[in-house]
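What's in final.txt: compact mmCIF, C-alpha atoms
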# COMPACT_ATOMS: atom_id res chain seq x y z
CA MET A 861 -31.93 -1.38 -18.80
CA GLN A 862 -28.66 0.02 -17.47
CA LEU A 863 -27.80 0.32 -13.81
CA ASP A 864 -27.03 3.71 -12.35
CA PRO A 865 -23.46 3.46 -10.98
CA ASN A 866 -24.60 5.58 -8.06
CA ALA A 867 -27.05 2.86 -7.09
CA ILE A 868 -24.16 0.40 -6.73
CA ALA A 869 -22.03 2.89 -4.81
CA ASP A 870 -24.89 3.78 -2.47
CA PHE A 871 -25.69 0.12 -1.84
CA ASN A 872 -22.05 -0.72 -1.14
CA GLN A 873 -21.77 2.19 1.24
CA ARG A 874 -24.63 0.79 3.30
CA GLN A 875 -22.86 -2.60 3.40
CA GLU A 876 -19.40 -1.17 4.07
CA GLU A 877 -19.14 -1.64 7.82
CA ASN A 878 -20.36 -5.24 7.76
CA HIS A 879 -18.21 -6.07 4.74
CA GLN A 880 -15.02 -4.61 6.24
CA ARG A 881 -15.60 -6.47 9.47
CA LYS A 882 -15.73 -9.80 7.61
CA LEU A 883 -12.82 -8.86 5.39
CA SER A 884 -10.52 -7.73 8.21
CA TYR A 885 -9.36 -11.25 9.07
CA TRP A 886 -8.19 -11.77 5.49
CA THR A 887 -6.41 -8.46 5.07
CA GLN A 888 -4.74 -8.65 8.49
CA GLU A 889 -3.91 -12.34 8.85
CA VAL A 890 -3.68 -14.00 5.42
CA ALA A 891 -0.64 -13.15 3.29
CA THR A 892 -2.18 -14.52 0.10
CA ALA A 893 -5.35 -12.43 0.34
CA GLU A 894 -4.23 -9.69 -2.06
CA PRO A 895 -3.03 -12.03 -4.85
CA ILE A 896 -6.28 -14.00 -4.58
CA ILE A 897 -8.38 -10.83 -4.80
CA GLN A 898 -6.50 -9.77 -7.93
CA LYS A 899 -6.96 -13.18 -9.55
CA LEU A 900 -10.68 -12.98 -8.81
CA ILE A 901 -10.87 -9.53 -10.40
CA ASP A 902 -9.17 -10.86 -13.55
CA PHE A 903 -11.34 -14.00 -13.77
CA GLN A 904 -14.33 -13.61 -16.11
CA ILE A 905 -17.11 -16.12 -16.79
CA ALA A 906 -19.01 -15.87 -20.06
CA ILE A 907 -22.80 -15.86 -20.06
CA PRO A 908 -24.63 -17.86 -22.75
CA SER A 909 -27.26 -15.92 -24.66
CA TRP A 910 -29.69 -18.85 -24.45
CA ALA A 911 -29.68 -18.87 -20.63
CA LEU A 912 -31.27 -15.44 -20.29
CA GLY A 913 -34.79 -16.76 -20.76
CA THR A 914 -36.75 -19.37 -18.86
CA GLY A 915 -35.82 -22.93 -19.75
CA GLY A 916 -38.17 -25.84 -20.16
CA THR A 917 -38.68 -29.51 -19.55
CA ARG A 918 -39.65 -32.30 -21.92
CA PHE A 919 -43.25 -31.65 -20.93
CA GLY A 920 -43.60 -27.90 -20.87
CA ARG A 921 -42.18 -24.45 -20.42
CA PHE A 922 -43.37 -21.84 -17.97
CA ALA A 923 -42.22 -18.50 -19.33
CA GLY A 924 -41.17 -15.71 -17.01
CA GLY A 925 -41.80 -12.03 -17.57
CA GLY A 926 -39.47 -9.49 -19.08
CA GLU A 927 -37.44 -12.02 -21.05
CA PRO A 928 -35.14 -10.58 -23.74
CA ARG A 929 -36.87 -10.50 -27.11
CA SER A 930 -33.82 -9.80 -29.25
CA LEU A 931 -30.06 -10.10 -29.34
CA GLU A 932 -29.83 -6.46 -28.30
CA GLU A 933 -31.89 -7.13 -25.18
CA LYS A 934 -29.82 -10.23 -24.38
CA ILE A 935 -26.68 -8.14 -24.51
CA ALA A 936 -28.34 -5.60 -22.23
CA ASP A 937 -29.15 -8.37 -19.73
CA VAL A 938 -25.56 -9.64 -19.71
CA GLY A 939 -24.42 -6.05 -19.32
CA LEU A 940 -26.69 -5.80 -16.30
CA LEU A 941 -25.16 -8.93 -14.78
CA HIS A 942 -21.67 -7.62 -15.45
CA ALA A 943 -22.47 -4.26 -13.87
CA LEU A 944 -23.60 -6.10 -10.74
CA ASN A 945 -20.75 -8.58 -10.35
CA ARG A 946 -17.97 -7.33 -12.69
CA ALA A 947 -17.22 -10.99 -13.45
CA SER A 948 -19.49 -11.62 -16.46
CA GLY A 949 -17.64 -9.67 -19.11
CA ALA A 950 -18.42 -11.85 -22.12
CA ILE A 951 -21.42 -13.30 -23.94
CA SER A 952 -21.52 -16.53 -25.93
CA LEU A 953 -23.94 -16.68 -28.87
CA HIS A 954 -25.81 -19.63 -30.34
CA ILE A 955 -26.35 -19.48 -34.09
CA PRO A 956 -28.95 -19.33 -35.67
CA TRP A 957 -30.82 -18.21 -32.54
CA ASP A 958 -28.74 -15.03 -32.30
CA ILE A 959 -27.60 -13.97 -35.76
CA PRO A 960 -26.70 -10.26 -35.71
CA THR A 961 -28.19 -8.24 -38.54
CA ASP A 962 -25.44 -5.63 -38.15
CA ALA A 963 -22.31 -7.14 -36.62
CA GLU A 964 -20.51 -3.83 -36.17
CA ALA A 965 -23.46 -2.26 -34.38
CA ILE A 966 -23.75 -5.32 -32.13
CA LYS A 967 -20.04 -5.13 -31.32
CA GLN A 968 -20.40 -1.47 -30.38
CA LEU A 969 -23.46 -2.21 -28.25
CA ALA A 970 -21.61 -4.99 -26.40
CA ALA A 971 -18.59 -2.74 -25.89
CA SER A 972 -20.82 -0.07 -24.35
CA TYR A 973 -21.61 -2.61 -21.61
CA GLY A 974 -17.97 -3.67 -21.28
CA LEU A 975 -18.63 -7.02 -22.97
CA ALA A 976 -16.63 -9.15 -25.39
CA PHE A 977 -17.83 -12.14 -27.42
CA ASP A 978 -16.81 -15.58 -26.21
CA ALA A 979 -17.09 -18.80 -28.25
CA VAL A 980 -19.83 -18.99 -30.86
CA ASN A 981 -21.95 -22.16 -30.85
CA SER A 982 -23.35 -24.02 -33.83
CA ASN A 983 -26.72 -25.78 -33.90
CA THR A 984 -27.21 -29.00 -35.84
CA PHE A 985 -29.40 -30.59 -33.19
CA GLN A 986 -32.56 -28.89 -34.46
CA ASP A 987 -34.15 -28.42 -37.85
CA GLN A 988 -34.68 -24.76 -38.73
CA PRO A 989 -37.77 -23.54 -40.64
CA ASP A 990 -35.82 -22.76 -43.84
CA GLN A 991 -33.59 -25.85 -43.69
CA ALA A 992 -33.50 -28.05 -46.80
CA LEU A 993 -32.52 -31.37 -45.18
CA THR A 994 -33.35 -32.85 -41.77
CA TYR A 995 -30.99 -33.76 -38.94
CA LYS A 996 -33.38 -36.41 -37.63
CA PHE A 997 -30.74 -39.12 -38.13
CA GLY A 998 -27.68 -37.02 -37.43
CA SER A 999 -25.68 -34.18 -38.91
CA LEU A 1000 -21.90 -34.55 -39.21
CA GLN A 1001 -22.26 -38.35 -38.90
CA HIS A 1002 -25.16 -38.68 -41.36
CA VAL A 1003 -25.06 -41.40 -44.03
CA ASP A 1004 -26.13 -38.82 -46.63
CA ALA A 1005 -23.23 -36.65 -47.76
CA ALA A 1006 -25.63 -33.81 -48.58
CA VAL A 1007 -26.81 -33.64 -44.96
CA ARG A 1008 -23.23 -33.68 -43.74
CA GLN A 1009 -22.35 -30.85 -46.12
CA GLN A 1010 -25.31 -28.81 -44.90
CA ALA A 1011 -24.06 -29.19 -41.31
CA ILE A 1012 -20.48 -28.37 -42.33
CA ASP A 1013 -21.64 -25.25 -44.16
CA HIS A 1014 -23.63 -24.13 -41.10
CA ASN A 1015 -20.59 -24.45 -38.85
CA ILE A 1016 -18.48 -22.45 -41.28
CA GLU A 1017 -21.20 -19.79 -41.38
CA VAL A 1018 -21.07 -19.66 -37.56
CA ILE A 1019 -17.31 -19.09 -37.74
CA ARG A 1020 -17.87 -16.15 -40.11
CA HIS A 1021 -20.41 -14.58 -37.73
CA GLY A 1022 -17.93 -15.06 -34.90
CA GLU A 1023 -15.14 -13.43 -36.86
CA ALA A 1024 -17.30 -10.37 -37.45
CA LEU A 1025 -17.95 -10.07 -33.71
CA GLY A 1026 -14.39 -10.67 -32.53
CA SER A 1027 -14.91 -14.16 -31.17
CA LYS A 1028 -11.96 -16.57 -31.16
CA ALA A 1029 -13.54 -20.01 -30.76
CA LEU A 1030 -16.20 -22.32 -32.14
CA THR A 1031 -18.01 -24.81 -29.90
CA VAL A 1032 -19.39 -27.90 -31.66
CA TRP A 1033 -21.90 -30.01 -29.75
CA LEU A 1034 -23.55 -32.82 -31.69
CA SER A 1035 -26.74 -34.67 -30.85
CA ASP A 1036 -25.61 -37.32 -33.34
CA GLY A 1037 -25.94 -40.92 -32.23
CA SER A 1038 -28.48 -43.72 -32.28
CA CYS A 1039 -31.57 -44.75 -30.35
CA PHE A 1040 -31.47 -48.51 -30.92
CA PRO A 1041 -28.91 -51.29 -31.36
CA GLY A 1042 -28.12 -51.94 -34.99
CA GLN A 1043 -29.23 -48.50 -36.13
CA LEU A 1044 -25.71 -47.17 -36.61
CA ASN A 1045 -22.33 -48.45 -37.69
CA PHE A 1046 -20.20 -46.96 -34.89
CA ARG A 1047 -16.93 -47.06 -36.80
CA LYS A 1048 -18.34 -45.44 -39.93
CA ALA A 1049 -20.18 -42.80 -37.89
CA PHE A 1050 -16.95 -41.91 -36.11
CA GLY A 1051 -15.09 -41.67 -39.40
CA ARG A 1052 -17.73 -39.55 -41.11
CA THR A 1053 -17.85 -37.21 -38.12
CA LEU A 1054 -14.07 -36.88 -38.10
CA ASP A 1055 -14.02 -36.05 -41.81
CA SER A 1056 -16.79 -33.48 -41.36
CA LEU A 1057 -15.06 -31.88 -38.38
CA GLY A 1058 -11.88 -31.79 -40.43
CA GLU A 1059 -13.55 -29.64 -43.09
CA ILE A 1060 -14.81 -27.25 -40.39
CA TYR A 1061 -11.38 -27.21 -38.74
CA SER A 1062 -9.75 -26.23 -42.02
CA ALA A 1063 -12.01 -23.15 -42.13
CA LEU A 1064 -10.87 -21.90 -38.71
CA PRO A 1065 -8.89 -18.64 -38.67
CA SER A 1066 -5.29 -19.10 -37.58
CA ASP A 1067 -5.89 -17.66 -34.10
CA TRP A 1068 -9.11 -19.58 -33.37
CA LYS A 1069 -9.84 -22.71 -31.34
CA MET A 1070 -12.38 -25.46 -31.91
CA PHE A 1071 -14.03 -26.91 -28.80
CA VAL A 1072 -15.42 -30.43 -29.26
CA GLU A 1073 -18.10 -30.98 -26.64
CA TYR A 1074 -19.21 -34.45 -25.53
CA LYS A 1075 -22.31 -35.87 -23.88
CA ALA A 1076 -23.05 -39.33 -22.54
CA PHE A 1077 -26.72 -39.45 -23.55
CA GLU A 1078 -29.66 -37.39 -24.81
CA PRO A 1079 -31.26 -36.94 -27.23
CA ASN A 1080 -30.02 -40.36 -28.37
CA PHE A 1081 -30.25 -42.96 -25.63
CA TYR A 1082 -28.36 -45.90 -27.09
CA SER A 1083 -25.22 -44.23 -28.39
CA MET A 1084 -23.75 -40.76 -28.82
CA THR A 1085 -21.09 -40.33 -31.49
CA VAL A 1086 -19.16 -37.93 -29.24
CA GLY A 1087 -20.26 -39.63 -26.06
CA ASP A 1088 -17.40 -39.12 -23.61
CA TRP A 1089 -14.16 -37.29 -22.99
CA GLY A 1090 -12.18 -40.05 -24.67
CA SER A 1091 -13.97 -39.71 -28.00
CA SER A 1092 -13.72 -35.91 -27.81
CA PHE A 1093 -10.01 -36.21 -27.01
CA LEU A 1094 -9.54 -38.50 -30.03
CA TYR A 1095 -11.26 -36.01 -32.33
CA ALA A 1096 -9.28 -33.08 -30.91
CA THR A 1097 -5.99 -34.96 -31.22
CA LYS A 1098 -6.65 -36.09 -34.77
CA LEU A 1099 -7.88 -32.68 -35.91
CA GLY A 1100 -4.80 -30.74 -34.82
CA PRO A 1101 -3.40 -28.15 -32.41
CA LYS A 1102 -6.37 -25.76 -32.62
CA ALA A 1103 -8.87 -28.41 -31.47
CA TYR A 1104 -9.66 -29.03 -27.79
CA THR A 1105 -12.10 -30.89 -25.58
CA LEU A 1106 -14.82 -28.87 -23.89
CA VAL A 1107 -16.10 -30.19 -20.56
CA ASP A 1108 -19.74 -29.64 -19.67
CA LEU A 1109 -20.13 -30.67 -16.03
CA GLY A 1110 -23.57 -32.17 -16.69
CA HIS A 1111 -22.49 -34.30 -19.64
CA HIS A 1112 -21.29 -37.29 -17.65
CA LEU A 1113 -22.75 -40.47 -16.29
CA PRO A 1114 -23.58 -40.31 -12.56
CA ASN A 1115 -20.57 -40.28 -10.21
CA ALA A 1116 -18.01 -39.77 -12.98
CA ASN A 1117 -14.69 -38.48 -11.62
CA ILE A 1118 -14.75 -35.19 -13.54
CA GLU A 1119 -11.76 -33.76 -11.69
CA GLN A 1120 -9.60 -36.65 -12.90
CA ILE A 1121 -10.83 -36.16 -16.46
CA VAL A 1122 -9.94 -32.48 -16.22
CA ALA A 1123 -6.47 -33.24 -14.86
CA ILE A 1124 -5.66 -35.66 -17.68
CA LEU A 1125 -6.94 -33.38 -20.44
CA LEU A 1126 -5.02 -30.46 -18.96
CA ASN A 1127 -1.86 -32.55 -18.72
CA GLU A 1128 -2.20 -33.50 -22.39
CA GLY A 1129 -2.75 -29.89 -23.47
CA LYS A 1130 -6.21 -30.67 -24.82
CA LEU A 1131 -8.52 -29.04 -22.27
CA GLY A 1132 -10.25 -26.14 -23.99
CA GLY A 1133 -12.75 -24.92 -21.47
CA PHE A 1134 -15.93 -25.48 -19.50
CA HIS A 1135 -19.67 -25.25 -19.50
CA PHE A 1136 -20.46 -24.85 -15.80
CA ASN A 1137 -23.67 -26.20 -14.29
CA ASP A 1138 -24.68 -28.83 -11.75
CA SER A 1139 -26.72 -32.03 -11.68
CA LYS A 1140 -28.41 -34.48 -9.37
CA TYR A 1141 -29.40 -37.20 -11.83
CA GLY A 1142 -28.05 -36.50 -15.31
CA ASP A 1143 -27.74 -33.46 -17.53
CA ASP A 1144 -29.94 -31.41 -15.21
CA ASP A 1145 -28.45 -27.99 -16.09
CA LEU A 1146 -28.85 -26.76 -12.53
CA THR A 1147 -27.23 -23.73 -10.91
CA ALA A 1148 -23.47 -24.25 -10.61
CA GLY A 1149 -22.49 -25.39 -7.13
CA SER A 1150 -26.08 -25.94 -6.01
CA ILE A 1151 -25.81 -29.75 -5.69
CA LYS A 1152 -22.12 -30.71 -5.65
CA PRO A 1153 -20.06 -27.76 -4.41
CA TYR A 1154 -17.23 -30.03 -3.21
CA GLN A 1155 -16.91 -31.52 -6.70
CA LEU A 1156 -16.72 -28.01 -8.16
CA PHE A 1157 -13.94 -27.18 -5.70
CA LEU A 1158 -12.05 -30.40 -6.53
CA ILE A 1159 -12.25 -29.55 -10.23
CA PHE A 1160 -10.78 -26.12 -9.57
CA ASN A 1161 -8.13 -27.69 -7.34
CA GLU A 1162 -6.93 -29.70 -10.34
CA LEU A 1163 -7.24 -26.67 -12.62
CA VAL A 1164 -5.12 -24.41 -10.42
CA ASP A 1165 -2.50 -27.09 -9.92
CA GLY A 1166 -2.36 -28.12 -13.58
CA MET A 1167 -2.47 -24.64 -15.05
CA ASP A 1168 0.29 -23.44 -12.74
CA ALA A 1169 2.40 -26.46 -13.70
CA ARG A 1170 2.05 -25.54 -17.37
CA GLY A 1171 2.53 -21.79 -16.84
CA MET A 1172 -1.00 -20.99 -18.05
CA ASN A 1173 -2.93 -17.81 -17.36
CA HIS A 1174 -5.92 -18.62 -15.13
CA ALA A 1175 -8.08 -15.93 -16.69
CA THR A 1176 -7.40 -16.37 -20.40
CA SER A 1177 -5.83 -19.74 -21.24
CA LEU A 1178 -9.11 -21.67 -20.99
CA GLY A 1179 -12.70 -20.83 -21.90
CA TRP A 1180 -14.99 -20.29 -18.90
CA MET A 1181 -18.72 -20.31 -19.56
CA ILE A 1182 -21.99 -21.18 -17.85
CA ASP A 1183 -24.47 -23.48 -19.59
CA ALA A 1184 -27.62 -23.86 -17.52
CA SER A 1185 -31.40 -23.93 -17.84
CA HIS A 1186 -33.62 -22.08 -15.42
CA ASN A 1187 -37.07 -23.61 -15.26
CA VAL A 1188 -38.46 -22.07 -12.07
CA LYS A 1189 -36.00 -19.31 -11.16
CA ASP A 1190 -35.49 -15.82 -12.48
CA PRO A 1191 -32.70 -16.55 -15.01
CA LEU A 1192 -30.70 -13.48 -14.03
CA GLU A 1193 -30.80 -14.41 -10.35
CA ASP A 1194 -29.72 -17.94 -11.22
CA LEU A 1195 -26.79 -16.68 -13.30
CA LEU A 1196 -25.66 -14.39 -10.48
CA GLN A 1197 -25.69 -17.41 -8.16
CA SER A 1198 -23.75 -19.56 -10.63
CA VAL A 1199 -21.04 -16.96 -11.18
CA GLU A 1200 -20.58 -16.56 -7.44
CA ALA A 1201 -20.38 -20.33 -6.88
CA ILE A 1202 -17.66 -20.58 -9.54
CA GLN A 1203 -15.73 -17.71 -7.98
CA LEU A 1204 -15.97 -19.29 -4.53
CA ALA A 1205 -14.65 -22.64 -5.76
CA TYR A 1206 -11.80 -20.89 -7.58
CA ALA A 1207 -10.86 -18.84 -4.51
CA GLN A 1208 -10.93 -21.92 -2.28
CA ALA A 1209 -8.66 -23.77 -4.71
CA LEU A 1210 -6.21 -20.85 -4.59
CA LEU A 1211 -6.00 -21.34 -0.81
CA VAL A 1212 -4.76 -24.93 -1.01
CA ASP A 1213 -1.26 -25.34 0.46
CA ARG A 1214 0.33 -27.02 -2.57
CA GLN A 1215 3.63 -27.80 -0.91
CA ALA A 1216 2.00 -29.40 2.13
CA LEU A 1217 -0.34 -31.38 -0.13
CA GLU A 1218 2.55 -32.77 -2.15
CA GLU A 1219 4.44 -33.66 1.01
CA ALA A 1220 1.43 -35.56 2.29
CA ARG A 1221 1.11 -37.38 -1.01
CA GLU A 1222 4.79 -38.32 -1.11
CA ALA A 1223 4.48 -39.67 2.43
CA ASN A 1224 1.28 -41.57 1.57
CA ASP A 1225 -0.40 -39.61 4.36
CA VAL A 1226 -3.94 -40.01 3.09
CA ALA A 1227 -5.67 -38.41 6.07
CA GLN A 1228 -3.46 -35.31 5.93
CA ALA A 1229 -4.03 -34.88 2.21
CA GLN A 1230 -7.76 -35.00 2.81
CA GLU A 1231 -7.47 -32.50 5.67
CA ILE A 1232 -5.58 -30.03 3.51
CA LEU A 1233 -8.22 -30.08 0.79
CA GLN A 1234 -11.18 -29.98 3.14
CA ASP A 1235 -9.66 -27.18 5.18
CA ALA A 1236 -9.56 -25.01 2.04
CA PHE A 1237 -13.07 -26.07 1.00
CA ARG A 1238 -14.54 -25.29 4.42
CA THR A 1239 -13.01 -21.82 4.50
CA ASP A 1240 -15.52 -19.01 4.01
CA VAL A 1241 -14.03 -17.03 1.14
CA ARG A 1242 -17.13 -14.93 0.50
CA PRO A 1243 -15.45 -11.77 1.88
CA LEU A 1244 -12.65 -12.15 -0.69
CA VAL A 1245 -15.09 -12.56 -3.58
CA ALA A 1246 -17.14 -9.60 -2.35
CA GLU A 1247 -14.02 -7.45 -2.08
CA ALA A 1248 -12.97 -8.37 -5.61
CA ARG A 1249 -16.38 -7.26 -6.86
CA ARG A 1250 -16.22 -4.03 -4.87
CA ARG A 1251 -12.76 -3.10 -6.17
CA ALA A 1252 -13.83 -3.83 -9.73
CA GLY A 1253 -16.84 -1.54 -9.38
CA GLY A 1254 -19.54 -4.13 -8.76
CA ALA A 1255 -21.93 -4.72 -5.91
CA VAL A 1256 -20.72 -6.35 -2.71
CA GLN A 1257 -23.91 -8.44 -2.79
CA PRO A 1258 -25.15 -8.53 -6.42
CA LEU A 1259 -28.27 -10.62 -5.85
CA ALA A 1260 -29.37 -8.48 -2.90
CA LEU A 1261 -28.97 -5.30 -4.96
CA TYR A 1262 -30.78 -6.89 -7.92
CA ARG A 1263 -33.73 -7.57 -5.66
CA HIS A 1264 -33.50 -4.23 -3.88
CA LEU A 1265 -33.77 -2.44 -7.23
CA ASN A 1266 -36.67 -4.71 -8.29
CA VAL A 1267 -34.94 -5.30 -11.62
CA ARG A 1268 -37.25 -8.05 -12.86
CA GLN A 1269 -40.32 -5.88 -12.42
CA GLN A 1270 -38.57 -3.10 -14.29
CA LEU A 1271 -37.80 -5.50 -17.15
CA ILE A 1272 -41.43 -6.65 -17.20
CA GLY A 1273 -42.48 -3.01 -17.37
CA GLU A 1274 -40.19 -2.45 -20.36
CA ARG A 1275 -40.77 -5.69 -22.25
CA GLY A 1276 -44.06 -7.15 -21.06
CA ALA A 1277 -45.14 -10.06 -18.90
CA LYS A 1278 -45.42 -12.68 -21.66
CA THR A 1279 -42.17 -12.33 -23.60
CA ILE A 1280 -40.25 -15.45 -24.64
CA ALA A 1281 -36.52 -15.40 -25.34
CA THR A 1282 -35.22 -17.05 -28.49
CA GLY A 1283 -33.43 -20.37 -28.07
CA LEU A 1284 -34.25 -23.26 -25.79
Taking this structure as input, can you express it in the form of structure tokens?
Amino acid sequence: MQLDPNAIADFNQRQEENHQRKLSYWTQEVATAEPIIQKLIDFQIAIPSWALGTGGTRFGRFAGGGEPRSLEEKIADVGLLHALNRASGAISLHIPWDIPTDAEAIKQLAASYGLAFDAVNSNTFQDQPDQALTYKFGSLQHVDAAVRQQAIDHNIEVIRHGEALGSKALTVWLSDGSCFPGQLNFRKAFGRTLDSLGEIYSALPSDWKMFVEYKAFEPNFYSMTVGDWGSSFLYATKLGPKAYTLVDLGHHLPNANIEQIVAILLNEGKLGGFHFNDSKYGDDDLTAGSIKPYQLFLIFNELVDGMDARGMNHATSLGWMIDASHNVKDPLEDLLQSVEAIQLAYAQALLVDRQALEEAREANDVAQAQEILQDAFRTDVRPLVAEARRRAGGAVQPLALYRHLNVRQQLIGERGAKTIATGL
């Protein structure tokens, strides 16, 4: 379904007085308000095609109604999100879950919603029905060269699909690893994976990037061949200048200092982008900012500082994408919440007084440095984010309008109550 622009305008008009009252402090008292609003307008967060349906657990899946049944309906759902918040202007596809039958028609459909195609994602962590060889014991690391070649060929096929759609990056996440001690020769597995990635890297178009994603555990619980940021960094460094590390916030052991990891990767020119989510215990794939909002802010604090130091464009130099699983929520509501949480953390990081922070650091004034960061984090920047949405043509309160329009019931009416989206 497509939103009537008049519905957004009418909704915003009813919110106007309350919104302007909250915004007035910023526009009248804060000199940096206008630059921050513009940066928020420019900042886009890609939506993954696999997050538009209900997720599942190891023990079951409880499908929601009105889930997208095809790639076309997934694009329509992302277009709906983008119409509401004007900050979700790209979709990231997972192949083979979302292979377009007519790439040009799919490009035109996406463009009609104002969408571009972000990184394409390969899948060698599942066996497909028509697959000749199994990935049970790995893909790019596998001891059998034929299995490795099958996985290499799949990744190259994904690149070709991405080229047809106008994508500029390939994300490689591997479930490769081992479940028990002695099962795997770590050194040989690393070498085989590097060689396999090298063949994929050589197939990249000249203006593409490769994102090497890492994960500490799952589905293998003894070792993962790309198990941490260090191994990903090694692969990216050895592969060449088009290869980068991708940071998924859930892919760390508990209490890992993700903001420090981000700062180091950014300093070394090897940070490629993000999969945003949140976690309480492990790779929980929860709504971004729902558990650790201060950590999300601290990550953006390092991003703003490091990107400015390197002269990078906040909106385009890195890949920004959500990667979450919605087991009990309406997926579209969850994605609206995640996008807003990311925008809030970004806006708060833009408020940090960099000069004062550096002065406190140089003076070893630990308490003052903490105060500067927490003052920015505790600032309510929701009026700025709402104003950025309004100026871009979105809803001041996207989730409230989504519910006011009863969008989910409309989708159920169009698609049915028992539909299941492709993917996880």
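When all atoms listed in the file are used to compute distances to A:Arg1238, the closest of the residues A:Leu900, A:Val1212, A:Leu1196, A:Ala1260 turns out to be A:Val1212.
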Could you work out how far atom CA of A:Glu1078 lies from atom CA of A:Ala950, giving the answer in Å with one decimal?
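If I compute the distance from atom CA of A:Ala950 to atom CA of A:Glu1078, I get 28.0 Å.
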Could you name the residues that touch stretch 914-930 of chain A at 8 Å or less, counting only C-alpha atoms, but leaving out those on the same chain fewer than 5 positions away, as number ranges by chain?
A: 937, 958, 1185-1191, 1268-1269, 1271-1282, 1284
What gap, in Å, lies between atom CA of A:Glu1119 and atom CA of A:Phe1157?
9.2 Å
Minimum-distance residue to A:Arg1008, chosen among A:Ala976, A:Ala1049, A:Ala1096, A:Ala971 (using all atoms listed in the file)
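Closest candidate: A:Ala1049.
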Which one is closest to A:Asn945: A:Ala1255, A:Ala1207, A:Ala992, A:Ala1005? Count all atoms listed in the file.
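Comparing A:Ala1255, A:Ala1207, A:Ala992, A:Ala1005 against A:Asn945, the winner is A:Ala1255.
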Taking N, CA, C and O atoms as the atom set, what does stretch 959-970 of chain A look like once completed, written as a compact mmCIF listing (two decimals), in the frame of the given file?
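Here's the written file result-v1.txt:
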# COMPACT_ATOMS: atom_id res chain seq x y z
N ILE A 959 -28.36 -14.51 -34.64
CA ILE A 959 -27.60 -13.97 -35.76
C ILE A 959 -27.73 -12.44 -35.76
O ILE A 959 -28.83 -11.91 -35.83
N PRO A 960 -26.61 -11.73 -35.68
CA PRO A 960 -26.70 -10.26 -35.71
C PRO A 960 -26.99 -9.76 -37.11
O PRO A 960 -26.39 -10.24 -38.09
N THR A 961 -27.90 -8.83 -37.23
CA THR A 961 -28.19 -8.24 -38.54
C THR A 961 -27.13 -7.22 -38.92
O THR A 961 -26.88 -6.99 -40.10
N ASP A 962 -26.51 -6.61 -37.93
CA ASP A 962 -25.44 -5.63 -38.15
C ASP A 962 -24.34 -5.92 -37.13
O ASP A 962 -24.41 -5.47 -35.99
N ALA A 963 -23.34 -6.68 -37.55
CA ALA A 963 -22.31 -7.14 -36.62
C ALA A 963 -21.57 -5.98 -35.97
O ALA A 963 -21.28 -6.01 -34.77
N GLU A 964 -21.26 -4.95 -36.73
CA GLU A 964 -20.51 -3.83 -36.17
C GLU A 964 -21.32 -3.09 -35.11
O GLU A 964 -20.79 -2.71 -34.06
N ALA A 965 -22.61 -2.92 -35.37
CA ALA A 965 -23.46 -2.26 -34.38
C ALA A 965 -23.59 -3.10 -33.12
O ALA A 965 -23.60 -2.57 -32.00
N ILE A 966 -23.66 -4.42 -33.28
CA ILE A 966 -23.75 -5.32 -32.13
C ILE A 966 -22.45 -5.28 -31.34
O ILE A 966 -22.47 -5.28 -30.10
N LYS A 967 -21.33 -5.24 -32.02
CA LYS A 967 -20.04 -5.13 -31.32
C LYS A 967 -19.98 -3.84 -30.50
O LYS A 967 -19.52 -3.84 -29.35
N GLN A 968 -20.42 -2.75 -31.09
CA GLN A 968 -20.40 -1.47 -30.38
C GLN A 968 -21.34 -1.48 -29.19
O GLN A 968 -21.01 -0.94 -28.12
N LEU A 969 -22.51 -2.11 -29.36
CA LEU A 969 -23.46 -2.21 -28.25
C LEU A 969 -22.84 -3.01 -27.11
O LEU A 969 -22.90 -2.60 -25.94
N ALA A 970 -22.24 -4.16 -27.43
CA ALA A 970 -21.61 -4.99 -26.40
C ALA A 970 -20.49 -4.21 -25.70
O ALA A 970 -20.37 -4.25 -24.47
